[in-house]
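So this block is upload-v3.txt, compact mmCIF, C-alpha atoms:
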# COMPACT_ATOMS: atom_id res chain seq x y z
CA MET A 21 7.85 37.24 -66.79
CA LYS A 22 4.34 37.88 -65.67
CA PRO A 23 2.70 35.49 -63.09
CA ILE A 24 -0.23 33.48 -64.29
CA PRO A 25 -3.38 34.42 -62.38
CA ASN A 26 -5.10 31.56 -60.54
CA ARG A 27 -8.70 31.78 -61.61
CA HIS A 28 -9.78 28.69 -59.68
CA ARG A 29 -9.01 30.16 -56.29
CA LYS A 30 -12.09 30.93 -54.20
CA PRO A 31 -12.26 34.06 -52.09
CA ILE A 32 -12.29 33.64 -48.27
CA PRO A 33 -15.79 34.21 -46.88
CA LYS A 34 -16.24 37.16 -44.52
CA ARG A 35 -17.30 35.04 -41.55
CA HIS A 36 -13.89 33.29 -41.47
CA ARG A 37 -11.98 36.53 -41.66
CA SER A 38 -13.58 38.03 -38.53
CA SER A 39 -12.88 35.03 -36.26
CA SER A 40 -9.12 34.91 -36.73
CA GLY A 41 -8.36 35.58 -33.01
CA GLN A 42 -11.13 33.41 -31.57
CA ALA A 43 -8.88 30.43 -30.85
CA LEU A 44 -6.45 32.64 -28.94
CA ILE A 45 -9.22 34.09 -26.79
CA GLU A 46 -10.67 30.64 -26.06
CA PHE A 47 -7.22 29.38 -25.09
CA ALA A 48 -6.73 32.39 -22.78
CA LEU A 49 -10.06 31.62 -21.08
CA ILE A 50 -9.34 27.88 -20.66
CA LEU A 51 -5.69 28.22 -19.55
CA PRO A 52 -6.44 29.24 -15.89
CA LEU A 53 -8.86 26.33 -15.49
CA LEU A 54 -6.33 23.93 -16.97
CA PHE A 55 -3.64 25.28 -14.63
CA LEU A 56 -5.95 24.89 -11.61
CA LEU A 57 -6.79 21.33 -12.64
CA ILE A 58 -3.11 20.37 -12.96
CA VAL A 59 -2.21 21.94 -9.58
CA ASN A 60 -5.06 20.11 -7.85
CA VAL A 61 -4.08 16.78 -9.42
CA ILE A 62 -0.51 17.24 -8.13
CA ASN A 63 -1.66 18.25 -4.63
CA PHE A 64 -4.24 15.46 -4.39
CA GLY A 65 -1.62 12.92 -5.49
CA GLY A 66 0.73 14.26 -2.81
CA MET A 67 -1.96 13.96 -0.14
CA LEU A 68 -2.78 10.41 -1.23
CA HIS A 69 0.92 9.53 -1.09
CA ALA A 70 1.18 11.04 2.41
CA TRP A 71 -1.91 9.10 3.55
CA ILE A 72 -0.41 5.83 2.35
CA CYS A 73 2.99 6.62 3.92
CA VAL A 74 1.43 7.45 7.30
CA SER A 75 -0.67 4.26 7.24
CA ASN A 76 2.33 2.14 6.33
CA ALA A 77 4.53 3.80 8.97
CA ALA A 78 1.97 3.12 11.74
CA ARG A 79 1.62 -0.50 10.59
CA THR A 80 5.39 -0.97 10.37
CA GLY A 81 5.91 0.48 13.85
CA ALA A 82 3.25 -1.77 15.38
CA GLN A 83 4.62 -4.83 13.60
CA TYR A 84 8.17 -4.09 14.77
CA TYR A 85 6.91 -3.52 18.31
CA ILE A 86 5.03 -6.82 18.52
CA THR A 87 7.59 -9.04 16.75
CA GLY A 88 10.83 -7.39 17.92
CA GLY A 89 11.12 -9.60 21.01
CA ALA A 90 10.21 -12.77 19.11
CA THR A 91 13.04 -12.55 16.57
CA VAL A 92 16.41 -14.27 16.70
CA GLY A 93 19.00 -12.14 18.45
CA ALA A 94 16.45 -9.85 20.09
CA PRO A 95 15.25 -11.54 23.29
CA VAL A 96 13.52 -8.44 24.63
CA PRO A 97 10.85 -6.30 22.96
CA PRO A 98 12.03 -3.03 21.42
CA THR A 99 11.75 0.14 23.45
CA VAL A 100 9.26 2.89 22.71
CA PRO A 101 11.97 5.32 21.43
CA LEU A 102 13.17 2.64 18.96
CA VAL A 103 9.64 2.23 17.61
CA GLN A 104 9.21 6.00 17.32
CA THR A 105 12.55 6.31 15.50
CA LEU A 106 11.53 3.58 13.05
CA VAL A 107 8.19 5.26 12.32
CA LEU A 108 9.82 8.67 11.83
CA ALA A 109 12.36 7.07 9.47
CA ASP A 110 9.45 5.68 7.43
CA LEU A 111 7.93 9.17 7.28
CA HIS A 112 11.20 10.83 6.29
CA PRO A 113 10.39 11.12 2.52
CA LEU A 114 7.38 13.30 3.31
CA PRO A 115 7.78 17.07 3.53
CA ASN A 116 7.18 18.41 7.03
CA SER A 117 7.85 14.91 8.45
CA ALA A 118 9.78 16.26 11.44
CA THR A 119 6.53 17.60 12.90
CA ALA A 120 4.79 14.20 12.88
CA GLN A 121 3.58 12.95 16.25
CA VAL A 122 4.16 9.27 17.01
CA CYS A 123 2.46 7.80 20.11
CA VAL A 124 3.10 4.23 21.27
CA SER A 125 1.26 2.26 23.95
CA THR A 126 0.74 -1.30 25.11
CA SER A 127 -2.07 -2.88 27.03
CA THR A 128 0.39 -4.00 29.72
CA SER A 129 1.10 -0.38 30.67
CA ALA A 130 -1.62 2.23 30.90
CA THR A 131 0.53 5.05 29.51
CA VAL A 132 0.81 6.50 26.03
CA SER A 133 4.30 7.75 25.12
CA CYS A 134 4.58 10.36 22.38
CA ASN A 135 7.66 11.82 20.73
CA THR A 136 6.20 15.36 20.83
CA GLY A 137 3.43 16.95 22.87
CA LEU A 138 0.53 15.29 24.61
CA PRO A 139 -1.27 12.31 23.14
CA PRO A 140 -4.39 13.17 21.16
CA ALA A 141 -7.75 12.49 22.79
CA ASP A 142 -8.57 9.85 20.19
CA ALA A 143 -5.39 7.85 20.96
CA PRO A 144 -6.22 6.04 24.21
CA PRO A 145 -3.85 3.41 25.59
CA ALA A 146 -4.15 0.02 23.96
CA ALA A 147 -6.60 -2.38 25.62
CA ASP A 148 -6.26 -6.16 25.81
CA SER A 149 -7.84 -8.12 22.99
CA ALA A 150 -10.14 -10.93 24.08
CA GLU A 151 -10.95 -13.84 21.85
CA GLY A 152 -13.16 -16.36 23.57
CA THR A 153 -11.59 -17.18 26.94
CA VAL A 154 -8.09 -16.08 25.93
CA THR A 155 -6.93 -12.49 26.40
CA TYR A 156 -4.03 -11.16 24.34
CA PRO A 157 -1.89 -8.09 25.11
CA VAL A 158 -1.78 -5.60 22.26
CA ALA A 159 0.41 -2.74 21.09
CA ALA A 160 -0.83 0.44 19.43
CA VAL A 161 1.08 2.92 17.30
CA ASP A 162 -0.68 6.20 16.58
CA VAL A 163 0.73 8.59 13.94
CA LYS A 164 -0.51 12.12 13.33
CA TYR A 165 0.90 14.11 10.40
CA THR A 166 -0.12 17.43 8.86
CA TYR A 167 -0.06 17.40 5.07
CA LEU A 168 0.92 20.70 3.46
CA PRO A 169 0.12 21.03 -0.27
CA PHE A 170 3.08 20.99 -2.66
CA ILE A 171 1.72 24.00 -4.54
CA PRO A 172 -0.25 26.26 -2.18
CA LEU A 173 -2.58 28.73 -3.84
CA TRP A 174 -4.82 31.46 -2.47
CA ASP A 175 -7.68 30.74 -0.07
CA PHE A 176 -10.79 32.54 1.08
CA PRO A 177 -11.22 31.12 4.60
CA ALA A 178 -14.16 33.36 5.48
CA LEU A 179 -16.09 31.88 2.56
CA ARG A 180 -14.62 28.39 3.09
CA ILE A 181 -13.30 28.41 -0.45
CA HIS A 182 -9.94 26.80 -1.22
CA THR A 183 -8.44 26.81 -4.69
CA THR A 184 -6.49 23.70 -3.78
CA LEU A 185 -6.33 21.29 -0.85
CA PRO A 186 -5.90 23.03 2.51
CA PRO A 187 -3.39 21.72 5.07
CA THR A 188 -4.90 18.44 6.22
CA ALA A 189 -4.31 16.37 9.36
CA ILE A 190 -3.73 12.71 8.59
CA HIS A 191 -4.23 10.45 11.61
CA ARG A 192 -3.71 6.69 11.45
CA GLN A 193 -3.51 4.06 14.17
CA ALA A 194 -2.34 0.44 14.02
CA ILE A 195 -3.18 -2.06 16.76
CA MET A 196 -1.71 -5.55 16.82
CA ARG A 197 -1.41 -8.48 19.26
CA ILE A 198 1.94 -8.87 20.99
CA LEU A 199 3.68 -12.16 20.30
CA GLU A 200 4.91 -13.87 23.44
Here is the file; what I need is its structure written in the form of structure tokens.
Amino acid sequence: MKPIPNRHRKPIPKRHRSSSGQALIEFALILPLLFLLIVNVINFGGMLHAWICVSNAARTGAQYYITGGATVGAPVPPTVPLVQTLVLADLHPLPNSATAQVCVSTSTSATVSCNTGLPPADAPPAADSAEGTVTYPVAAVDVKYTYLPFIPLWDFPALRIHTTLPPTAIHRQAIMRILE
């Protein structure tokens, strides 16, 4: 049996025949940019998460320090190592959290106690808070953490060009009045 020729079929124009690999080439050109965009979204999200965690850890440490002595069953304020342990426990989900520096101070003592190293220059001891004629003692918790990107890519430091976020220092401080 002989096939019936299809006379209503139109021939393919020449311009469509020559562009058969165009989509593949365009995809190959766009793929690196798409990959770079996805990596930067992941790394920026990780840095934002670290920023929030460090802020919350400093706030939690200061709140524990000022209210610890005013709670039932805890007649004395918590010690500095207890506050530092609490803050480091809050930072535990972050990668590289063991290298975080936690400094604690009160306005009643002029010293800043840190878990590692010397206190940073921008972390002075807490100073009393005055409101009208009343002066309140305060506590300060200072947390310094270095964020390392989840997906590090190549850098050109001489040109100050980074393909993704560079390691970034996140520094947060919480100061609160001590309840007496």
So that I can see what lies close to region 61-68 of chain A, please list as a PDB file with C-alpha atoms, keeping the file's coordinate frame the residues with an atom at most 8 Å from it, counting all atoms listed in the file and leaving out residues fewer than 3 positions away in the same chain.
ATOM      1  CA  LEU A  57      -6.790  21.330 -12.640  1.00  0.00           C
ATOM      2  CA  ILE A  58      -3.110  20.370 -12.960  1.00  0.00           C
ATOM      3  CA  TRP A  71      -1.910   9.100   3.550  1.00  0.00           C
ATOM      4  CA  ILE A  72      -0.410   5.830   2.350  1.00  0.00           C
ATOM      5  CA  TYR A 167      -0.060  17.400   5.070  1.00  0.00           C
ATOM      6  CA  PRO A 169       0.120  21.030  -0.270  1.00  0.00           C
ATOM      7  CA  PHE A 170       3.080  20.990  -2.660  1.00  0.00           C
ATOM      8  CA  ILE A 171       1.720  24.000  -4.540  1.00  0.00           C
ATOM      9  CA  THR A 184      -6.490  23.700  -3.780  1.00  0.00           C
ATOM     10  CA  LEU A 185      -6.330  21.290  -0.850  1.00  0.00           C
TER      11      LEU A 185
END
Subject >> Distance in Å - CA of Pro139 (chain A) versus CA of Val124 (chain A) >> reply: 9.4 Å
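A straight line drawn from CA of Ser125 (chain A) to CA of Thr188 (chain A) is 24.8 Å long.
Contact shell of His191 (chain A) at 12 Å (all atoms listed in the file; same-chain neighbours under 5 positions omitted): Ala70, Trp71, Ile72, Cys73, Val74, Ser75, Asn76, Ala77, Ala78, Ala120, Gln121, Val122, Cys123, Pro140, Ala141, Asp142, Ala143, Val161, Asp162, Val163, Lys164, Tyr165, Thr166 and Tyr167 of chain A.
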**OP:** Record the distance separating CA of Pro113 (chain A) and CA of Ser133 (chain A), expressed in Å with one decimal.
**Re:** 23.6 Å
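Closest approach to Val158 (chain A) from the set A:Ala109, A:Leu114, A:Leu173, A:Ile86 is made by A:Ile86, with distances taken over all atoms listed in the file.
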